[in-house]
$ cat final32.pdb   # PDB, C-alpha atoms and all ligand atoms
MODEL        1
ATOM      1  CA  MET A  11     -13.489   5.199  14.753  1.00  0.00           C
ATOM      2  CA  ASP A  12     -12.988   8.937  14.381  1.00  0.00           C
ATOM      3  CA  LEU A  13     -10.912   8.833  11.220  1.00  0.00           C
ATOM      4  CA  GLU A  14     -10.372  12.607  11.254  1.00  0.00           C
ATOM      5  CA  SER A  15      -8.163  12.321  14.313  1.00  0.00           C
ATOM      6  CA  PHE A  16      -5.737  10.180  12.282  1.00  0.00           C
ATOM      7  CA  ARG A  17      -5.223  12.698   9.500  1.00  0.00           C
ATOM      8  CA  VAL A  18      -1.540  13.553   8.928  1.00  0.00           C
ATOM      9  CA  GLY A  19       0.265  16.155   6.812  1.00  0.00           C
ATOM     10  CA  LEU A  20      -1.109  19.025   4.818  1.00  0.00           C
ATOM     11  CA  THR A  21      -1.981  17.194   1.618  1.00  0.00           C
ATOM     12  CA  PRO A  22      -5.532  16.003   1.293  1.00  0.00           C
ATOM     13  CA  THR A  23      -6.039  13.232   2.246  1.00  0.00           C
ATOM     14  CA  VAL A  24      -3.750  10.951   4.234  1.00  0.00           C
ATOM     15  CA  PHE A  25      -4.622   9.036   7.396  1.00  0.00           C
ATOM     16  CA  TYR A  26      -2.138   7.085   9.507  1.00  0.00           C
ATOM     17  CA  ILE A  27      -3.505   4.684  12.108  1.00  0.00           C
ATOM     18  CA  PRO A  28      -0.801   3.240  14.370  1.00  0.00           C
ATOM     19  CA  GLY A  29      -1.385  -0.182  15.885  1.00  0.00           C
ATOM     20  CA  PHE A  30      -4.329  -1.051  13.637  1.00  0.00           C
ATOM     21  CA  ILE A  31      -3.717  -4.730  14.388  1.00  0.00           C
ATOM     22  CA  THR A  32      -2.115  -6.502  17.357  1.00  0.00           C
ATOM     23  CA  ASP A  33       1.215  -8.361  17.442  1.00  0.00           C
ATOM     24  CA  GLN A  34      -0.737 -11.611  17.434  1.00  0.00           C
ATOM     25  CA  GLU A  35      -2.799 -10.619  14.388  1.00  0.00           C
ATOM     26  CA  GLU A  36       0.412  -9.628  12.611  1.00  0.00           C
ATOM     27  CA  ALA A  37       1.959 -13.041  13.339  1.00  0.00           C
ATOM     28  CA  GLN A  38      -1.204 -14.821  12.161  1.00  0.00           C
ATOM     29  CA  LEU A  39      -1.253 -12.866   8.921  1.00  0.00           C
ATOM     30  CA  LEU A  40       2.414 -13.651   8.264  1.00  0.00           C
ATOM     31  CA  ASN A  41       1.704 -17.339   8.892  1.00  0.00           C
ATOM     32  CA  HIS A  42      -1.068 -17.316   6.308  1.00  0.00           C
ATOM     33  CA  ILE A  43       1.015 -15.371   3.800  1.00  0.00           C
ATOM     34  CA  TYR A  44       4.064 -17.630   4.111  1.00  0.00           C
ATOM     35  CA  GLY A  45       1.837 -20.710   4.348  1.00  0.00           C
ATOM     36  CA  ALA A  46       0.341 -20.002   0.927  1.00  0.00           C
ATOM     37  CA  SER A  47       1.398 -22.154  -1.962  1.00  0.00           C
ATOM     38  CA  GLY A  48       4.723 -21.180  -3.514  1.00  0.00           C
ATOM     39  CA  SER A  49       2.976 -20.630  -6.835  1.00  0.00           C
ATOM     40  CA  LYS A  50       0.999 -17.797  -5.232  1.00  0.00           C
ATOM     41  CA  TRP A  51       4.120 -15.628  -5.321  1.00  0.00           C
ATOM     42  CA  LYS A  52       4.927 -13.646  -8.402  1.00  0.00           C
ATOM     43  CA  THR A  53       8.516 -12.422  -8.526  1.00  0.00           C
ATOM     44  CA  LEU A  54       9.102  -8.989  -9.958  1.00  0.00           C
ATOM     45  CA  LYS A  55      12.433  -7.275 -10.491  1.00  0.00           C
ATOM     46  CA  ASN A  56      12.445  -5.544  -7.158  1.00  0.00           C
ATOM     47  CA  ARG A  57       9.986  -7.445  -4.935  1.00  0.00           C
ATOM     48  CA  ARG A  58       7.647 -10.442  -4.725  1.00  0.00           C
ATOM     49  CA  LEU A  59       3.881 -10.230  -4.590  1.00  0.00           C
ATOM     50  CA  GLN A  60       0.763 -12.268  -4.004  1.00  0.00           C
ATOM     51  CA  ASN A  61      -2.433 -11.270  -5.745  1.00  0.00           C
ATOM     52  CA  TRP A  62      -5.686 -12.019  -3.882  1.00  0.00           C
ATOM     53  CA  GLY A  63      -9.235 -11.329  -4.996  1.00  0.00           C
ATOM     54  CA  GLY A  64      -8.835 -12.026  -8.699  1.00  0.00           C
ATOM     55  CA  MET A  65      -7.197 -10.528 -11.723  1.00  0.00           C
ATOM     56  CA  VAL A  66      -7.431  -6.784 -12.221  1.00  0.00           C
ATOM     57  CA  HIS A  67      -7.886  -5.762 -15.809  1.00  0.00           C
ATOM     58  CA  GLU A  68      -8.326  -2.335 -17.248  1.00  0.00           C
ATOM     59  CA  LYS A  69     -12.042  -2.998 -17.511  1.00  0.00           C
ATOM     60  CA  GLY A  70     -12.483  -4.462 -14.055  1.00  0.00           C
ATOM     61  CA  LEU A  71     -11.979  -7.486 -11.860  1.00  0.00           C
ATOM     62  CA  VAL A  72     -12.328 -11.132 -12.758  1.00  0.00           C
ATOM     63  CA  PRO A  73     -13.109 -12.003  -9.164  1.00  0.00           C
ATOM     64  CA  GLN A  74     -11.930 -14.761  -6.903  1.00  0.00           C
ATOM     65  CA  GLU A  75     -13.263 -14.964  -3.364  1.00  0.00           C
ATOM     66  CA  LEU A  76     -10.934 -13.593  -0.692  1.00  0.00           C
ATOM     67  CA  PRO A  77      -9.993 -16.131   2.006  1.00  0.00           C
ATOM     68  CA  SER A  78     -11.473 -15.531   5.459  1.00  0.00           C
ATOM     69  CA  TRP A  79      -8.078 -14.624   6.964  1.00  0.00           C
ATOM     70  CA  LEU A  80      -8.071 -11.637   4.584  1.00  0.00           C
ATOM     71  CA  THR A  81     -11.743 -10.656   4.858  1.00  0.00           C
ATOM     72  CA  LYS A  82     -11.219 -10.425   8.614  1.00  0.00           C
ATOM     73  CA  ILE A  83      -8.849  -7.538   7.881  1.00  0.00           C
ATOM     74  CA  THR A  84     -10.673  -6.000   4.925  1.00  0.00           C
ATOM     75  CA  GLU A  85     -13.977  -5.929   6.829  1.00  0.00           C
ATOM     76  CA  LYS A  86     -12.286  -4.200   9.737  1.00  0.00           C
ATOM     77  CA  ILE A  87     -10.845  -1.619   7.311  1.00  0.00           C
ATOM     78  CA  ASN A  88     -14.243  -1.124   5.650  1.00  0.00           C
ATOM     79  CA  GLU A  89     -16.020  -0.673   8.970  1.00  0.00           C
ATOM     80  CA  SER A  90     -13.480   1.513  10.689  1.00  0.00           C
ATOM     81  CA  SER A  91     -12.747   3.836   7.759  1.00  0.00           C
ATOM     82  CA  GLY A  92     -16.226   4.168   6.299  1.00  0.00           C
ATOM     83  CA  LEU A  93     -14.498   5.240   3.067  1.00  0.00           C
ATOM     84  CA  PHE A  94     -15.359   2.364   0.758  1.00  0.00           C
ATOM     85  CA  PRO A  95     -18.820   2.267  -0.886  1.00  0.00           C
ATOM     86  CA  SER A  96     -18.785  -1.541  -0.826  1.00  0.00           C
ATOM     87  CA  ALA A  97     -16.609  -4.374   0.450  1.00  0.00           C
ATOM     88  CA  ILE A  98     -12.908  -4.303  -0.394  1.00  0.00           C
ATOM     89  CA  ASN A  99     -12.486  -7.044  -2.987  1.00  0.00           C
ATOM     90  CA  HIS A 100      -8.797  -6.978  -3.851  1.00  0.00           C
ATOM     91  CA  VAL A 101      -5.630  -7.351  -1.780  1.00  0.00           C
ATOM     92  CA  LEU A 102      -2.100  -7.177  -3.122  1.00  0.00           C
ATOM     93  CA  ILE A 103       0.569  -8.492  -0.784  1.00  0.00           C
ATOM     94  CA  ASN A 104       4.044  -7.117  -1.428  1.00  0.00           C
ATOM     95  CA  GLU A 105       7.227  -8.429   0.141  1.00  0.00           C
ATOM     96  CA  TYR A 106      10.334  -6.259   0.287  1.00  0.00           C
ATOM     97  CA  HIS A 107      13.805  -7.218   1.427  1.00  0.00           C
ATOM     98  CA  PRO A 108      15.821  -4.370   2.962  1.00  0.00           C
ATOM     99  CA  ASP A 109      17.292  -3.401  -0.409  1.00  0.00           C
ATOM    100  CA  GLN A 110      13.997  -3.522  -2.266  1.00  0.00           C
ATOM    101  CA  GLY A 111      11.304  -0.965  -2.868  1.00  0.00           C
ATOM    102  CA  ILE A 112       8.651   0.117  -5.310  1.00  0.00           C
ATOM    103  CA  MET A 113       9.183   2.781  -7.929  1.00  0.00           C
ATOM    104  CA  PRO A 114       7.142   5.963  -7.729  1.00  0.00           C
ATOM    105  CA  HIS A 115       3.816   5.160  -9.352  1.00  0.00           C
ATOM    106  CA  GLN A 116       0.142   5.878  -9.386  1.00  0.00           C
ATOM    107  CA  ASP A 117      -2.359   3.097  -8.794  1.00  0.00           C
ATOM    108  CA  GLY A 118      -4.324   2.083 -11.846  1.00  0.00           C
ATOM    109  CA  PRO A 119      -7.731   3.420 -12.945  1.00  0.00           C
ATOM    110  CA  ALA A 120      -9.553   0.164 -12.232  1.00  0.00           C
ATOM    111  CA  TYR A 121      -9.539   0.907  -8.493  1.00  0.00           C
ATOM    112  CA  PHE A 122     -11.899   3.029  -6.439  1.00  0.00           C
ATOM    113  CA  PRO A 123      -9.636   5.949  -5.451  1.00  0.00           C
ATOM    114  CA  VAL A 124      -9.032   5.024  -1.817  1.00  0.00           C
ATOM    115  CA  VAL A 125      -6.086   2.817  -0.797  1.00  0.00           C
ATOM    116  CA  ALA A 126      -5.538   1.175   2.580  1.00  0.00           C
ATOM    117  CA  ILE A 127      -2.078  -0.282   3.229  1.00  0.00           C
ATOM    118  CA  LEU A 128      -1.430  -2.500   6.226  1.00  0.00           C
ATOM    119  CA  SER A 129       2.261  -2.849   7.100  1.00  0.00           C
ATOM    120  CA  LEU A 130       3.944  -5.890   8.661  1.00  0.00           C
ATOM    121  CA  GLY A 131       7.596  -6.475   9.509  1.00  0.00           C
ATOM    122  CA  SER A 132      10.243  -3.851   8.900  1.00  0.00           C
ATOM    123  CA  PRO A 133       9.272  -0.165   9.015  1.00  0.00           C
ATOM    124  CA  VAL A 134       9.783   1.878   5.846  1.00  0.00           C
ATOM    125  CA  VAL A 135       9.311   5.403   4.597  1.00  0.00           C
ATOM    126  CA  MET A 136       6.878   5.950   1.729  1.00  0.00           C
ATOM    127  CA  ASP A 137       7.536   9.000  -0.425  1.00  0.00           C
ATOM    128  CA  PHE A 138       4.803  10.981  -2.141  1.00  0.00           C
ATOM    129  CA  SER A 139       5.707  13.342  -4.959  1.00  0.00           C
ATOM    130  CA  PRO A 140       3.304  15.425  -7.012  1.00  0.00           C
ATOM    131  CA  HIS A 141       3.210  14.703 -10.706  1.00  0.00           C
ATOM    132  CA  LEU A 142       2.020  16.720 -13.595  1.00  0.00           C
ATOM    133  CA  ARG A 143      -0.977  14.943 -14.957  1.00  0.00           C
ATOM    134  CA  LEU A 144      -0.276  13.191 -18.197  1.00  0.00           C
ATOM    135  CA  ILE A 145      -2.050  15.154 -20.826  1.00  0.00           C
ATOM    136  CA  SER A 146      -3.560  12.479 -22.940  1.00  0.00           C
ATOM    137  CA  GLY A 147      -4.918   9.031 -22.742  1.00  0.00           C
ATOM    138  CA  ASP A 148      -3.926   6.021 -20.849  1.00  0.00           C
ATOM    139  CA  ASP A 149      -0.555   4.691 -19.843  1.00  0.00           C
ATOM    140  CA  ASP A 150      -1.291   1.010 -20.005  1.00  0.00           C
ATOM    141  CA  ASN A 151       2.047   0.138 -21.518  1.00  0.00           C
ATOM    142  CA  SER A 152       3.912   0.453 -18.288  1.00  0.00           C
ATOM    143  CA  ARG A 153       1.300  -1.103 -16.035  1.00  0.00           C
ATOM    144  CA  ASP A 154       2.273  -4.343 -14.358  1.00  0.00           C
ATOM    145  CA  GLN A 155       0.333  -6.979 -12.446  1.00  0.00           C
ATOM    146  CA  SER A 156      -0.183  -4.688  -9.480  1.00  0.00           C
ATOM    147  CA  GLY A 157      -2.110  -2.295 -11.679  1.00  0.00           C
ATOM    148  CA  GLU A 158       0.437   0.399 -11.202  1.00  0.00           C
ATOM    149  CA  SER A 159       1.748   2.641 -13.896  1.00  0.00           C
ATOM    150  CA  GLY A 160       4.997   4.495 -14.031  1.00  0.00           C
ATOM    151  CA  VAL A 161       4.661   8.189 -14.655  1.00  0.00           C
ATOM    152  CA  SER A 162       7.759  10.079 -15.581  1.00  0.00           C
ATOM    153  CA  GLU A 163       6.791  13.691 -15.153  1.00  0.00           C
ATOM    154  CA  ARG A 164       6.999  14.972 -11.622  1.00  0.00           C
ATOM    155  CA  ASP A 165       8.299  17.822  -9.555  1.00  0.00           C
ATOM    156  CA  ASN A 166       9.948  17.825  -6.200  1.00  0.00           C
ATOM    157  CA  GLN A 167       8.095  20.636  -4.519  1.00  0.00           C
ATOM    158  CA  ASN A 168       5.384  19.685  -2.099  1.00  0.00           C
ATOM    159  CA  SER A 169       6.721  16.181  -1.779  1.00  0.00           C
ATOM    160  CA  PHE A 170       6.135  14.525   1.556  1.00  0.00           C
ATOM    161  CA  SER A 171       6.855  11.211   3.243  1.00  0.00           C
ATOM    162  CA  VAL A 172       5.127   8.912   5.684  1.00  0.00           C
ATOM    163  CA  LEU A 173       6.784   6.509   8.119  1.00  0.00           C
ATOM    164  CA  MET A 174       4.980   3.168   8.024  1.00  0.00           C
ATOM    165  CA  MET A 175       5.538   1.165  11.170  1.00  0.00           C
ATOM    166  CA  PRO A 176       4.567  -2.491  11.475  1.00  0.00           C
ATOM    167  CA  ARG A 177       0.874  -3.059  12.281  1.00  0.00           C
ATOM    168  CA  SER A 178      -0.073   0.432  11.121  1.00  0.00           C
ATOM    169  CA  LEU A 179      -2.663   1.268   8.492  1.00  0.00           C
ATOM    170  CA  LEU A 180      -2.054   4.029   5.965  1.00  0.00           C
ATOM    171  CA  ILE A 181      -5.043   5.291   3.993  1.00  0.00           C
ATOM    172  CA  PHE A 182      -4.810   7.797   1.209  1.00  0.00           C
ATOM    173  CA  LYS A 183      -7.369   9.253  -1.169  1.00  0.00           C
ATOM    174  CA  ASP A 184      -8.330  12.466  -2.992  1.00  0.00           C
ATOM    175  CA  GLU A 185      -5.303  14.524  -4.097  1.00  0.00           C
ATOM    176  CA  ALA A 186      -2.862  12.124  -2.480  1.00  0.00           C
ATOM    177  CA  TYR A 187      -4.335   9.443  -4.740  1.00  0.00           C
ATOM    178  CA  SER A 188      -4.871  11.394  -7.931  1.00  0.00           C
ATOM    179  CA  ASP A 189      -2.097  13.994  -8.037  1.00  0.00           C
ATOM    180  CA  TYR A 190       0.806  12.242  -6.351  1.00  0.00           C
ATOM    181  CA  LEU A 191       3.064   9.323  -7.103  1.00  0.00           C
ATOM    182  CA  HIS A 192       3.943   7.079  -4.198  1.00  0.00           C
ATOM    183  CA  GLY A 193       7.007   4.900  -3.868  1.00  0.00           C
ATOM    184  CA  ILE A 194       9.489   3.289  -1.503  1.00  0.00           C
ATOM    185  CA  SER A 195      13.220   3.670  -2.036  1.00  0.00           C
ATOM    186  CA  ASP A 196      15.246   0.480  -2.444  1.00  0.00           C
ATOM    187  CA  SER A 197      17.879   1.702  -0.003  1.00  0.00           C
ATOM    188  CA  PRO A 198      18.474  -0.420   3.144  1.00  0.00           C
ATOM    189  CA  THR A 199      18.422   2.797   5.183  1.00  0.00           C
ATOM    190  CA  HIS A 200      15.599   5.315   5.116  1.00  0.00           C
ATOM    191  CA  CYS A 201      15.642   8.788   6.558  1.00  0.00           C
ATOM    192  CA  TYR A 202      12.527   9.784   8.480  1.00  0.00           C
ATOM    193  CA  LYS A 203      13.539  13.376   9.137  1.00  0.00           C
ATOM    194  CA  GLN A 204      10.837  14.866   6.953  1.00  0.00           C
ATOM    195  CA  VAL A 205       7.965  12.489   7.580  1.00  0.00           C
ATOM    196  CA  VAL A 206       4.559  14.008   8.340  1.00  0.00           C
ATOM    197  CA  ASN A 207       3.751  11.476  11.074  1.00  0.00           C
ATOM    198  CA  GLU A 208       6.947  11.084  13.096  1.00  0.00           C
ATOM    199  CA  ALA A 209       5.306  11.555  16.490  1.00  0.00           C
ATOM    200  CA  GLU A 210       2.373   9.240  15.716  1.00  0.00           C
ATOM    201  CA  ALA A 211       4.623   6.541  14.279  1.00  0.00           C
ATOM    202  CA  LEU A 212       7.331   6.546  16.918  1.00  0.00           C
ATOM    203  CA  ALA A 213       4.888   6.757  19.840  1.00  0.00           C
ATOM    204  CA  CYS A 214       3.607   3.359  18.876  1.00  0.00           C
ATOM    205  CA  SER A 215       6.866   1.585  18.043  1.00  0.00           C
ATOM    206  CA  SER A 216       7.881  -1.014  20.559  1.00  0.00           C
ATOM    207  CA  GLY A 217      11.544  -1.404  19.791  1.00  0.00           C
ATOM    208  CA  ASP A 218      10.925  -3.343  16.602  1.00  0.00           C
ATOM    209  CA  SER A 219      13.108  -1.118  14.506  1.00  0.00           C
ATOM    210  CA  ARG A 220      16.730  -0.105  14.628  1.00  0.00           C
ATOM    211  CA  THR A 221      16.877   3.628  14.437  1.00  0.00           C
ATOM    212  CA  ASP A 222      19.645   6.119  14.714  1.00  0.00           C
ATOM    213  CA  GLY A 223      17.673   8.776  16.560  1.00  0.00           C
ATOM    214  CA  ASP A 224      20.142  11.624  16.115  1.00  0.00           C
ATOM    215  CA  ASN A 225      20.205  11.391  12.360  1.00  0.00           C
ATOM    216  CA  LYS A 226      16.705   9.958  12.069  1.00  0.00           C
ATOM    217  CA  ILE A 227      17.907   7.002  10.046  1.00  0.00           C
ATOM    218  CA  LEU A 228      15.996   3.767   9.937  1.00  0.00           C
ATOM    219  CA  HIS A 229      17.922   0.565   9.305  1.00  0.00           C
ATOM    220  CA  ARG A 230      15.740  -1.894   7.442  1.00  0.00           C
ATOM    221  CA  ASP A 231      17.142  -5.096   8.798  1.00  0.00           C
ATOM    222  CA  GLN A 232      14.015  -7.221   8.374  1.00  0.00           C
ATOM    223  CA  THR A 233      11.704  -8.092   5.524  1.00  0.00           C
ATOM    224  CA  ARG A 234       8.634  -5.919   5.138  1.00  0.00           C
ATOM    225  CA  VAL A 235       5.297  -7.298   4.005  1.00  0.00           C
ATOM    226  CA  SER A 236       2.411  -5.018   3.116  1.00  0.00           C
ATOM    227  CA  LEU A 237      -1.232  -5.618   2.283  1.00  0.00           C
ATOM    228  CA  THR A 238      -2.614  -3.093  -0.214  1.00  0.00           C
ATOM    229  CA  CYS A 239      -6.382  -3.289   0.144  1.00  0.00           C
ATOM    230  CA  ARG A 240      -8.582  -1.789  -2.549  1.00  0.00           C
ATOM    231  CA  LEU A 241     -11.965  -1.955  -4.172  1.00  0.00           C
ATOM    232  CA  VAL A 242     -12.387  -2.684  -7.860  1.00  0.00           C
ATOM    233  CA  PRO A 243     -15.940  -1.397  -8.414  1.00  0.00           C
ATOM    234  CA  LYS A 244     -16.462  -3.143 -11.715  1.00  0.00           C
ATOM    235  CA  VAL A 245     -16.636  -6.903 -11.314  1.00  0.00           C
ATOM    236  CA  HIS A 246     -16.965  -9.266 -14.263  1.00  0.00           C
ATOM    237  CA  LYS A 247     -19.276 -12.126 -13.454  1.00  0.00           C
ATOM    238  CA  ASN A 248     -18.446 -13.997 -16.596  1.00  0.00           C
ATOM    239  CA  LEU A 249     -14.861 -14.359 -17.692  1.00  0.00           C
ATOM    240  CA  PHE A 250     -15.847 -14.835 -21.322  1.00  0.00           C
ATOM    241  CA  ARG A 251     -17.985 -11.756 -21.606  1.00  0.00           C
ATOM    242  CA  PHE A 252     -15.261  -9.158 -21.534  1.00  0.00           C
TER     243      PHE A 252
HETATM  244  O1  LIG B   1       3.993  -1.743  -0.116  1.00  0.00           O
HETATM  245  C1  LIG B   1       3.468  -0.646  -0.045  1.00  0.00           C
HETATM  246  O2  LIG B   1       3.374  -0.046   1.025  1.00  0.00           O
HETATM  247  C2  LIG B   1       2.959   0.031  -1.265  1.00  0.00           C
HETATM  248  C3  LIG B   1       2.387  -0.878  -2.296  1.00  0.00           C
HETATM  249  C4  LIG B   1       1.764  -0.125  -3.435  1.00  0.00           C
HETATM  250  O3  LIG B   1       1.905   1.034  -3.580  1.00  0.00           O
HETATM  251  C5  LIG B   1       0.950  -0.862  -4.415  1.00  0.00           C
HETATM  252  O4  LIG B   1       0.818  -2.084  -4.314  1.00  0.00           O
HETATM  253  O5  LIG B   1       0.396  -0.214  -5.324  1.00  0.00           O
HETATM  254 FE    FE B   2       0.608   1.809  -5.119  1.00  0.00          FE
ENDMDL
END
$ encode --input "final32.pdb" --output "structure tokens" --more "lines below"
Ligand SMILES: O=C(O)CCC(=O)C(=O)O
Ligand SMILES: [Fe+2]
Amino acid sequence: MDLESFRVGLTPTVFYIPGFITDQEEAQLLNHIYGASGSKWKTLKNRRLQNWGGMVHEKGLVPQELPSWLTKITEKINESSGLFPSAINHVLINEYHPDQGIMPHQDGPAYFPVVAILSLGSPVVMDFSPHLRLISGDDDNSRDQSGESGVSERDNQNSFSVLMMPRSLLIFKDEAYSDYLHGISDSPTHCYKQVVNEAEALACSSGDSRTDGDNKILHRDQTRVSLTCRLVPKVHKNLFRF
């Protein structure tokens, strides 16, 4: 795959790959996700999530083997992007109802700084906003299970947004990873007027979203499920030797 041809926007470095999986693969993934044991879900204030691959700690991953229905996807991401130095070993599955989102955050330091997000279900807009780097130390206090940390300082210049259609893959790294917060508003309508990938996203949509084309408003009338695929380079072989 020529990843360069999927680059979007002016900020290094964001790639948007429409139709990364087929309708059938999307349905199969949703079957596996909703077929998982109820105890696999962790309910947060504004969404539910499933954690696959093991527990991420500040010092690395206490690993758990990914099931084959996930490695099928992660291997395809590894091979087609060529951006991960070894196999993706962690997948966070987030579920959002139309009035749910994720606060602007930066992914935690345990991850290799490349993120691949596969979207299923309802389209949404993800907002990126630059933040002023925190001057000192770590910000562990606000980190939750997903390894994300809230960062309060930010500015609104140079912000940009990406429209994430079902079955698409969004990859971001470099500045987009290190100098920007990313988040999804909890509003049931999202405006896609300013997105950096409107043409790419809408070219591939097959009527699975309700849009108001004149005002570029997206009505989130379905649940969205996303798979955030990452690599935790440091893996703990022995739980008791932390
Ligand atoms: O659901 C998404 O698209 C984003 C998830 C995310 O940012 C995360 O899990 O860190
Ligand atoms: Fe994130």
$ resolve_selection --input "final32.pdb" --expression "the PyMOL selection byres (((not hetatm)) within 10 of (chain B and resi 2))" --output "compact mmCIF listing (two decimals) with C-alpha atoms, keeping the file's coordinate frame"
# COMPACT_ATOMS: atom_id res chain seq x y z
CA LEU A 102 -2.10 -7.18 -3.12
CA ILE A 112 8.65 0.12 -5.31
CA MET A 113 9.18 2.78 -7.93
CA PRO A 114 7.14 5.96 -7.73
CA HIS A 115 3.82 5.16 -9.35
CA GLN A 116 0.14 5.88 -9.39
CA ASP A 117 -2.36 3.10 -8.79
CA GLY A 118 -4.32 2.08 -11.85
CA VAL A 125 -6.09 2.82 -0.80
CA ALA A 126 -5.54 1.18 2.58
CA ILE A 127 -2.08 -0.28 3.23
CA SER A 156 -0.18 -4.69 -9.48
CA GLY A 157 -2.11 -2.30 -11.68
CA GLU A 158 0.44 0.40 -11.20
CA SER A 159 1.75 2.64 -13.90
CA TYR A 187 -4.34 9.44 -4.74
CA LEU A 191 3.06 9.32 -7.10
CA HIS A 192 3.94 7.08 -4.20
CA GLY A 193 7.01 4.90 -3.87
CA ILE A 194 9.49 3.29 -1.50
CA THR A 238 -2.61 -3.09 -0.21
$ closest_residue --input "final32.pdb" --among "A:Val18, A:Val242, A:Val172, A:Met65" --to "ligand LIG 1 (chain B)" --atoms "all atoms listed in the file"
A:Val172
$ residues_around --input "final32.pdb" --residues "A:Phe94" --least-positions-apart "4" --cutoff "9 Å" --atoms "only C-alpha atoms" --output "PyMOL selection string"
chain A and resi 87-89+98+122+124+240-241
$ residues_around --input "final32.pdb" --residues "stretch 223-227 of chain A" --least-positions-apart "3" --cutoff "7 Å" --atoms "only C-alpha atoms" --output "list in words"
Thr199, His200, Cys201, Tyr202 and Lys203 of chain A
$ closest_residue --input "final32.pdb" --among "A:Val206, A:Leu20, A:Leu39, A:Leu173" --to "A:Met136" --atoms "only C-alpha atoms"
A:Leu173
$ atom_distance --input "final32.pdb" --atom1 "atom CA of A:Ser236" --atom2 "atom CA of A:Ser129"
4.5 Å
$ atom_distance --input "final32.pdb" --atom1 "atom CA of A:Asp189" --atom2 "atom CA of A:Ser96"
23.9 Å
$ closest_residue --input "final32.pdb" --among "A:Pro77, A:Gly64, A:Pro119, A:Gly19" --to "A:Phe182" --atoms "all atoms listed in the file"
A:Gly19
$ residues_around --input "final32.pdb" --residues "A:Leu128" --least-positions-apart "5" --cutoff "8 Å" --atoms "all atoms listed in the file" --output "CSV table (one decimal) with C-alpha atoms, in the frame of the given file"
chain,number,residue,atom,x,y,z
A,176,PRO,CA,4.6,-2.5,11.5
A,177,ARG,CA,0.9,-3.1,12.3
A,178,SER,CA,-0.1,0.4,11.1
A,179,LEU,CA,-2.7,1.3,8.5
A,180,LEU,CA,-2.1,4.0,6.0
A,236,SER,CA,2.4,-5.0,3.1
A,237,LEU,CA,-1.2,-5.6,2.3
A,238,THR,CA,-2.6,-3.1,-0.2
A,239,CYS,CA,-6.4,-3.3,0.1
$ atom_distance --input "final32.pdb" --atom1 "atom C2 of ligand LIG 1 (chain B)" --atom2 "atom CA of A:Thr233"
13.7 Å
$ resolve_selection --input "final32.pdb" --expression "the PyMOL selection byres (((chain A and resi 68) around 8) and not hetatm)" --output "PyMOL selection string"
chain A and resi 66-67+69-70+119-120
$ axis_aligned_box --input "final32.pdb" --around "ligand LIG 1 (chain B)" --padding-each-side "3 Å" --output "AutoDock Vina command-line options"
--center_x 2.2 --center_y -0.5 --center_z -2.1 --size_x 9.6 --size_y 9.1 --size_z 12.3
$ residues_around --input "final32.pdb" --residues "A:Tyr44" --least-positions-apart "2" --cutoff "12 Å" --atoms "only C-alpha atoms" --output "list in words"
Ala37, Gln38, Leu39, Leu40, Asn41, His42, Ala46, Ser47, Gly48, Ser49, Lys50, Trp51, Arg58, Leu59, Gln60, Ile103, Asn104, Glu105 and Val235 of chain A
$ closest_residue --input "final32.pdb" --among "A:Tyr106, A:Tyr190, A:Phe170, A:Phe30" --to "ligand LIG 1 (chain B)" --atoms "all atoms listed in the file"
A:Tyr106
$ closest_atom_pairs --input "final32.pdb" --of "stretch 85-147 of chain A" --to "stretch 11-16 of chain A" --cutoff "9 Å" --atoms "only C-alpha atoms" --output "CSV"
residue,atom,partner,partner_atom,distance
A:Glu89,CA,A:Met11,CA,8.6
A:Ser90,CA,A:Met11,CA,5.5
A:Ser91,CA,A:Leu13,CA,6.3
A:Gly92,CA,A:Leu13,CA,8.6
$ residues_around --input "final32.pdb" --residues "A:His107" --least-positions-apart "5" --cutoff "8 Å" --atoms "all atoms listed in the file" --output "list in words"
Arg57, Gln232, Thr233 and Arg234 of chain A
